[in-house]
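As provided, work-v8.tsv (TSV, C-alpha atoms and all ligand atoms) reads as follows.
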```
chain	number	residue	atom	x	y	z
Y	1	MET	CA	64.40	41.26	-20.36
Y	2	GLU	CA	65.94	38.17	-18.83
Y	3	LEU	CA	69.48	37.47	-20.04
Y	4	LYS	CA	69.88	34.15	-21.86
Y	5	LEU	CA	73.04	32.46	-23.10
Y	6	ALA	CA	72.98	30.41	-26.28
Y	7	PRO	CA	76.22	28.50	-26.94
Y	8	SER	CA	76.55	27.70	-30.65
Y	9	ILE	CA	77.45	24.09	-31.34
Y	10	LEU	CA	79.01	25.17	-34.64
Y	11	SER	CA	82.19	25.59	-32.57
Y	12	SER	CA	81.78	22.24	-30.81
Y	13	ASP	CA	84.09	19.27	-31.33
Y	14	PHE	CA	81.56	17.06	-33.13
Y	15	PHE	CA	83.34	13.90	-32.01
Y	16	ALA	CA	82.43	15.00	-28.47
Y	17	LEU	CA	79.14	16.76	-29.20
Y	18	GLY	CA	77.24	14.97	-26.42
Y	19	GLU	CA	79.84	15.88	-23.84
Y	20	ASP	CA	80.01	19.49	-25.06
Y	21	LEU	CA	76.22	19.77	-24.83
Y	22	ASN	CA	76.09	18.33	-21.33
Y	23	GLN	CA	78.76	20.73	-20.12
Y	24	VAL	CA	76.98	23.88	-21.26
Y	25	ILE	CA	73.57	22.63	-20.13
Y	26	GLU	CA	74.95	21.82	-16.68
Y	27	ALA	CA	76.61	25.24	-16.58
Y	28	GLY	CA	73.20	26.86	-17.04
Y	29	ALA	CA	73.05	27.79	-20.74
Y	30	GLU	CA	69.40	28.66	-21.40
Y	31	TYR	CA	69.43	27.88	-25.15
Y	32	ILE	CA	71.47	25.60	-27.40
Y	33	HIS	CA	72.09	27.49	-30.67
Y	34	VAL	CA	71.99	25.26	-33.75
Y	35	ASP	CA	73.42	26.82	-36.96
Y	36	VAL	CA	72.05	25.25	-40.13
Y	37	MET	CA	73.75	26.26	-43.41
Y	38	ASP	CA	72.88	25.20	-46.93
Y	39	GLY	CA	75.89	26.38	-48.99
Y	40	LEU	CA	73.54	28.66	-50.95
Y	41	PHE	CA	72.22	31.35	-48.62
Y	42	VAL	CA	75.68	31.36	-47.01
Y	43	PRO	CA	78.96	30.12	-48.50
Y	44	ASN	CA	79.28	27.22	-46.06
Y	45	LEU	CA	77.60	23.94	-45.13
Y	46	SER	CA	77.04	22.71	-41.61
Y	47	PHE	CA	74.47	20.17	-40.42
Y	48	GLY	CA	70.72	19.81	-40.35
Y	49	ILE	CA	67.72	17.69	-39.42
Y	50	PRO	CA	69.43	14.37	-38.52
Y	51	VAL	CA	71.80	16.10	-36.08
Y	52	LEU	CA	68.95	18.02	-34.44
Y	53	LYS	CA	66.88	14.82	-34.14
Y	54	SER	CA	69.74	12.98	-32.59
Y	55	MET	CA	70.36	15.72	-30.00
Y	56	ARG	CA	66.63	15.80	-29.23
Y	57	ARG	CA	66.67	12.07	-28.44
Y	58	HIS	CA	69.10	12.77	-25.59
Y	59	THR	CA	67.93	16.06	-24.10
Y	60	ASP	CA	64.74	18.06	-23.64
Y	61	HIS	CA	66.73	21.30	-23.47
Y	62	PHE	CA	65.70	24.42	-25.43
Y	63	MET	CA	66.95	24.13	-29.04
Y	64	ASP	CA	67.35	27.51	-30.76
Y	65	VAL	CA	67.60	26.68	-34.45
Y	66	HIS	CA	69.11	29.35	-36.75
Y	67	LEU	CA	68.39	28.52	-40.38
Y	68	MET	CA	70.84	30.09	-42.82
Y	69	ILE	CA	69.13	28.54	-45.81
Y	70	ASP	CA	67.50	29.73	-49.01
Y	71	ARG	CA	63.67	29.79	-49.07
Y	72	PRO	CA	63.28	28.54	-45.49
Y	73	HIS	CA	59.48	28.12	-45.79
Y	74	ARG	CA	60.26	24.79	-47.48
Y	75	TYR	CA	61.88	23.37	-44.35
Y	76	VAL	CA	60.54	25.04	-41.19
Y	77	GLU	CA	57.93	22.36	-40.49
Y	78	ARG	CA	60.53	19.61	-40.67
Y	79	PHE	CA	62.79	21.46	-38.22
Y	80	CYS	CA	59.85	21.81	-35.82
Y	81	ASP	CA	59.19	18.07	-36.09
Y	82	ALA	CA	62.89	17.30	-35.59
Y	83	GLY	CA	62.87	18.95	-32.17
Y	84	ALA	CA	63.41	22.71	-32.53
Y	85	SER	CA	62.05	24.81	-29.64
Y	86	LEU	CA	62.48	28.02	-31.61
Y	87	VAL	CA	63.09	28.37	-35.35
Y	88	SER	CA	64.70	31.52	-36.78
Y	89	PHE	CA	65.17	32.12	-40.48
Y	90	HIS	CA	66.46	35.01	-42.54
Y	91	VAL	CA	64.21	37.82	-43.72
Y	92	GLU	CA	66.42	38.11	-46.84
Y	93	ALA	CA	65.94	34.44	-47.75
Y	94	ASP	CA	62.30	34.35	-48.88
Y	95	GLN	CA	59.48	36.39	-50.43
Y	96	PRO	CA	57.34	38.35	-47.92
Y	97	GLN	CA	54.31	36.11	-48.41
Y	98	ASP	CA	56.50	33.04	-47.77
Y	99	ILE	CA	58.03	34.67	-44.68
Y	100	PHE	CA	54.51	35.23	-43.32
Y	101	SER	CA	53.50	31.66	-44.11
Y	102	ALA	CA	56.69	30.23	-42.54
Y	103	ILE	CA	56.00	32.26	-39.37
Y	104	ARG	CA	52.46	30.86	-39.30
Y	105	THR	CA	53.68	27.28	-39.82
Y	106	VAL	CA	56.12	27.45	-36.91
Y	107	LYS	CA	53.45	28.91	-34.62
Y	108	GLU	CA	50.91	26.28	-35.65
Y	109	LYS	CA	53.48	23.68	-34.67
Y	110	GLY	CA	53.49	25.22	-31.18
Y	111	LYS	CA	57.08	26.49	-31.43
Y	112	LEU	CA	58.60	29.93	-31.00
Y	113	VAL	CA	59.59	31.86	-34.11
Y	114	GLY	CA	62.31	34.37	-34.94
Y	115	LEU	CA	63.52	36.40	-37.91
Y	116	ALA	CA	67.23	36.97	-38.54
Y	117	LEU	CA	68.92	39.93	-40.21
Y	118	LYS	CA	72.26	40.00	-42.00
Y	119	PRO	CA	74.52	42.96	-41.11
Y	120	ARG	CA	73.53	44.99	-44.18
Y	121	THR	CA	69.79	44.57	-43.62
Y	122	PRO	CA	68.24	47.53	-41.75
Y	123	ALA	CA	66.14	46.99	-38.63
Y	124	GLU	CA	63.04	48.38	-40.37
Y	125	VAL	CA	62.87	45.37	-42.71
Y	126	VAL	CA	61.48	43.22	-39.87
Y	127	PHE	CA	58.96	45.82	-38.68
Y	128	PRO	CA	56.06	44.41	-40.76
Y	129	TYR	CA	56.54	41.02	-39.04
Y	130	LEU	CA	57.42	42.22	-35.54
Y	131	ASP	CA	54.01	41.71	-33.91
Y	132	GLU	CA	54.19	38.01	-34.84
Y	133	LEU	CA	57.71	37.31	-33.60
Y	134	ASP	CA	59.10	35.84	-30.38
Y	135	LEU	CA	62.66	36.87	-31.28
Y	136	VAL	CA	64.71	38.97	-33.69
Y	137	LEU	CA	68.22	37.71	-34.40
Y	138	VAL	CA	70.72	40.45	-35.24
Y	139	MET	CA	73.82	39.09	-36.97
Y	140	THR	CA	76.91	40.88	-35.70
Y	141	VAL	CA	79.12	39.16	-38.31
Y	142	GLU	CA	78.38	38.04	-41.88
Y	143	PRO	CA	76.64	34.69	-41.42
Y	144	GLY	CA	78.50	31.55	-42.48
Y	145	PHE	CA	81.42	31.06	-40.14
Y	146	GLY	CA	82.28	31.06	-36.46
Y	147	GLY	CA	85.24	32.94	-35.05
Y	148	GLN	CA	84.78	36.27	-36.88
Y	149	LYS	CA	85.22	39.75	-35.46
Y	150	PHE	CA	82.21	41.50	-33.87
Y	151	MET	CA	80.81	44.41	-35.93
Y	152	ALA	CA	80.30	47.29	-33.48
Y	153	ASP	CA	78.34	49.23	-36.10
Y	154	MET	CA	75.43	46.82	-35.45
Y	155	LEU	CA	74.83	48.38	-32.01
Y	156	PRO	CA	72.48	51.14	-33.28
Y	157	LYS	CA	70.40	48.47	-35.07
Y	158	ILE	CA	69.92	46.62	-31.77
Y	159	GLN	CA	68.87	49.90	-30.12
Y	160	THR	CA	66.40	50.70	-32.92
Y	161	LEU	CA	64.81	47.27	-32.58
Y	162	ARG	CA	64.63	47.45	-28.80
Y	163	GLU	CA	62.96	50.88	-29.01
Y	164	GLU	CA	60.37	49.68	-31.52
Y	165	ILE	CA	59.63	46.54	-29.48
Y	166	GLU	CA	59.10	48.68	-26.35
Y	167	ARG	CA	57.05	51.24	-28.26
Y	168	ARG	CA	54.66	48.49	-29.38
Y	169	GLY	CA	54.64	46.86	-25.94
Y	170	LEU	CA	55.81	43.50	-27.32
Y	171	ARG	CA	57.64	40.71	-25.50
Y	172	CYS	CA	60.00	40.00	-28.39
Y	173	GLU	CA	63.56	38.94	-27.51
Y	174	ILE	CA	66.63	40.32	-29.27
Y	175	GLU	CA	69.36	37.79	-29.96
Y	176	VAL	CA	72.85	38.71	-31.15
Y	177	ASP	CA	75.05	36.32	-33.05
Y	178	GLY	CA	78.71	36.61	-34.05
Y	179	GLY	CA	81.88	37.62	-32.25
Y	180	ILE	CA	80.30	37.70	-28.79
Y	181	ASP	CA	82.81	37.43	-25.95
Y	182	ALA	CA	83.03	38.97	-22.47
Y	183	GLU	CA	83.94	42.37	-23.94
Y	184	THR	CA	81.37	42.62	-26.72
Y	185	ALA	CA	78.68	41.03	-24.49
Y	186	LYS	CA	78.68	44.17	-22.39
Y	187	LEU	CA	78.09	46.38	-25.44
Y	188	VAL	CA	75.19	44.34	-26.84
Y	189	LYS	CA	73.49	44.08	-23.45
Y	190	GLU	CA	73.66	47.86	-23.07
Y	191	ALA	CA	72.20	48.26	-26.57
Y	192	GLY	CA	69.19	46.10	-25.63
Y	193	ALA	CA	69.99	42.51	-26.61
Y	194	ASN	CA	68.99	39.78	-24.15
Y	195	VAL	CA	69.94	36.51	-25.88
Y	196	LEU	CA	73.66	36.10	-26.53
Y	197	VAL	CA	74.91	33.48	-28.99
Y	198	ALA	CA	78.52	32.47	-28.42
Y	199	GLY	CA	80.47	29.86	-30.35
Y	200	SER	CA	84.21	30.18	-30.12
Y	201	SER	CA	84.19	32.16	-26.85
Y	202	VAL	CA	82.53	29.16	-25.15
Y	203	PHE	CA	83.59	25.98	-26.99
Y	204	GLY	CA	87.03	27.39	-27.73
Y	205	LYS	CA	87.75	27.47	-24.00
Y	206	PRO	CA	88.50	24.41	-21.88
Y	207	ASP	CA	86.31	25.62	-18.97
Y	208	ARG	CA	82.85	26.13	-20.44
Y	209	ALA	CA	81.25	27.04	-17.12
Y	210	ALA	CA	83.77	29.84	-16.61
Y	211	ALA	CA	83.24	31.04	-20.18
Y	212	LEU	CA	79.46	31.25	-19.65
Y	213	GLU	CA	79.95	33.00	-16.31
Y	214	ALA	CA	82.16	35.60	-17.97
Y	215	LEU	CA	79.42	36.35	-20.52
Y	216	ARG	CA	76.75	36.50	-17.82
Y	217	ASN	CA	78.71	38.92	-15.69
Y	218	ALA	CA	79.92	41.11	-18.56
Y	301	LIG	C1	77.63	32.29	-37.89
Y	301	LIG	C2	76.71	31.61	-36.91
Y	301	LIG	C3	77.07	31.83	-35.50
Y	301	LIG	C4	78.46	31.33	-35.09
Y	301	LIG	C5	78.96	32.29	-34.05
Y	301	LIG	O1	77.07	32.31	-39.15
Y	301	LIG	O2	75.37	32.06	-37.08
Y	301	LIG	O3	76.08	31.30	-34.61
Y	301	LIG	O4	78.46	30.03	-34.60
Y	301	LIG	O5	80.28	31.95	-33.76
Y	301	LIG	P1	81.21	32.93	-32.93
Y	301	LIG	O6	80.57	33.12	-31.58
Y	301	LIG	O7	82.50	32.18	-32.85
Y	301	LIG	O8	81.30	34.22	-33.68
Y	302	ZN	ZN	73.80	31.45	-35.51
```
What would the structure in this file look like if it were written as structure tokens?
Amino acid sequence: MELKLAPSILSSDFFALGEDLNQVIEAGAEYIHVDVMDGLFVPNLSFGIPVLKSMRRHTDHFMDVHLMIDRPHRYVERFCDAGASLVSFHVEADQPQDIFSAIRTVKEKGKLVGLALKPRTPAEVVFPYLDELDLVLVMTVEPGFGGQKFMADMLPKIQTLREEIERRGLRCEIEVDGGIDAETAKLVKEAGANVLVAGSSVFGKPDRAAALEALRNA
């Protein structure tokens, strides 16, 4: 599948968010990854609907919203209305019937939908939902913070998901999130991921275009 880069604004300098966004968009980033944390599903708080709305007022670029929040079915519609292009939420964060209904809500809003898995959640947990999904997000660190070390033991999970997606003939993307740099990018691509989230390895570098190029060519 087509390789896509998704810089995570969690590692942006929020005083210069507009400038940071423009740089990565100009450099060809396909997605902007937006990490929403509620201090409950993960032990950290980030930003939410007002920040997404404000970015949406200034760009029509693809906004890849990653909800790390408890019982996401309560909020998915509002994130769609605030300007998300794709909404992902965690399979661990809601009851199965509420996961199904949240998937339906996002689709009815005309947006793409993804399910995310924490490192300890096996690939098989998303199988019942797979036919409905545009994307599966495999966390390669414990969600909550940027700048953590990539967990190489997630590679077989990516392979398992890619095999199942192929077996069913689906067009579902596999996104990886956490500790992705030029070295680990190579490993996840080989395992079958096609959307690479990168926070610190992009916004932590002065030359964002070069950082994205390094991930693309990895
Ligand atoms: C972590 C977030 C990630 C984070 C990745 O919970 O979901 O998107 O921004 O940051 P890096 O690329 O620095 O690991
Ligand atoms: Zn994320």
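Residues in contact range of Arg167 (chain Y), defined as at most 12 Å between all atoms listed in the file, with sequence neighbours fewer than 4 positions away removed, read Y:Phe127, Y:Leu130, Y:Asp131, Y:Thr160, Y:Leu161, Y:Arg162, Y:Glu163, Y:Arg171, Y:Cys172.
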Query raised in the report: Excluding same-chain residues fewer than 2 positions from Asp181 (chain Y), what lies within 9 Å of it counting all atoms listed in the file, as a VMD selection string?
Result: chain Y and resid 150 179 183 to 186 198 200 to 202 211 214 to 215 218
Requested in this report: Please check which protein, DNA or RNA residues sit within 6 Å of ligand LIG 301 (chain Y), counting all atoms listed in the file, and write them as a list in words.
Outcome: Ser8, Leu10, Asp35, Pro143, Gly144, Phe145, Gly146, Gly147, Gln148, Asp177, Gly178, Gly179, Ile180, Ala198, Gly199 and Ser200 of chain Y
**Report entry** Distance of CA of Pro50 (chain Y) from CA of Leu196 (chain Y), expressed in Å to one decimal place
**Finding:** 25.2 Å
Requested in this report: Kindly provide, as a PyMOL selection string, all nucleotide and amino acid residues lying within 12 Å of ligand ZN 302 (chain Y), counting all atoms listed in the file.
Outcome: chain Y and resi 6-11+31-37+42+46+63-69+87-90+114-118+136-147+175-180+195-200
Query raised in the report: Skipping near chain neighbours, those fewer than 4 positions away, what residues fall within 10 Å of Asp81 (chain Y) using all atoms listed in the file, listed as an NGL selection string?
Result: :Y and (49 or 52-53 or 76-77 or 85 or 106 or 109 or 111)
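Taking CA of Ala29 (chain Y) as the reference point, CA of Glu108 (chain Y) is found at 26.7 Å.
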Report task. Select, from Y:Cys80, Y:Ala182, Y:Val126, Y:Ala193, the residue with the minimum atom-to-atom distance to Arg216 (chain Y), counting only C-alpha atoms. Result ->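 Under the stated criterion, the closest residue is Y:Ala182.
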Query raised in the report: With only C-alpha atoms as the basis for distance, which of Y:Leu212, Y:Glu164, Y:Tyr129, Y:Ile158 is at the shortest distance from Gly192 (chain Y)?
Result: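 Of all the options, Y:Ile158 lies closest to Gly192 (chain Y).
Distances here use all atoms listed in the file; by that measure, the residue among Y:Asp98, Y:Glu19, Y:Glu92, Y:Glu166 closest to Thr121 (chain Y) is Y:Glu92.
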**Report entry** Gap from CA of Ala191 (chain Y) to CA of Lys4 (chain Y) - Å, one decimal
**Finding:**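 Straight-line distance from CA of Ala191 (chain Y) to CA of Lys4 (chain Y) works out to 15.1 Å.
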Report task. Within 12 Å of (74.2, 22.2, -19.9) (coordinates as in the file), grab all the protein and nucleic acid residues, counting only C-alpha atoms, and write them out as a PyMOL selection string. Result -> chain Y and resi 5-7+17-32+59-63+208-209+212
Report task. Using all atoms listed in the file, find the one residue out of Y:Ser54, Y:Asn44, Y:Ser12, Y:Gln159 that sits nearest to Ala82 (chain Y). Result -> Y:Ser54
Requested in this report: Counting only C-alpha atoms, figure out which residue out of Y:Asp70, Y:Glu173, Y:Glu124, Y:Glu190 gets nearest to Pro43 (chain Y).
Outcome: Y:Asp70
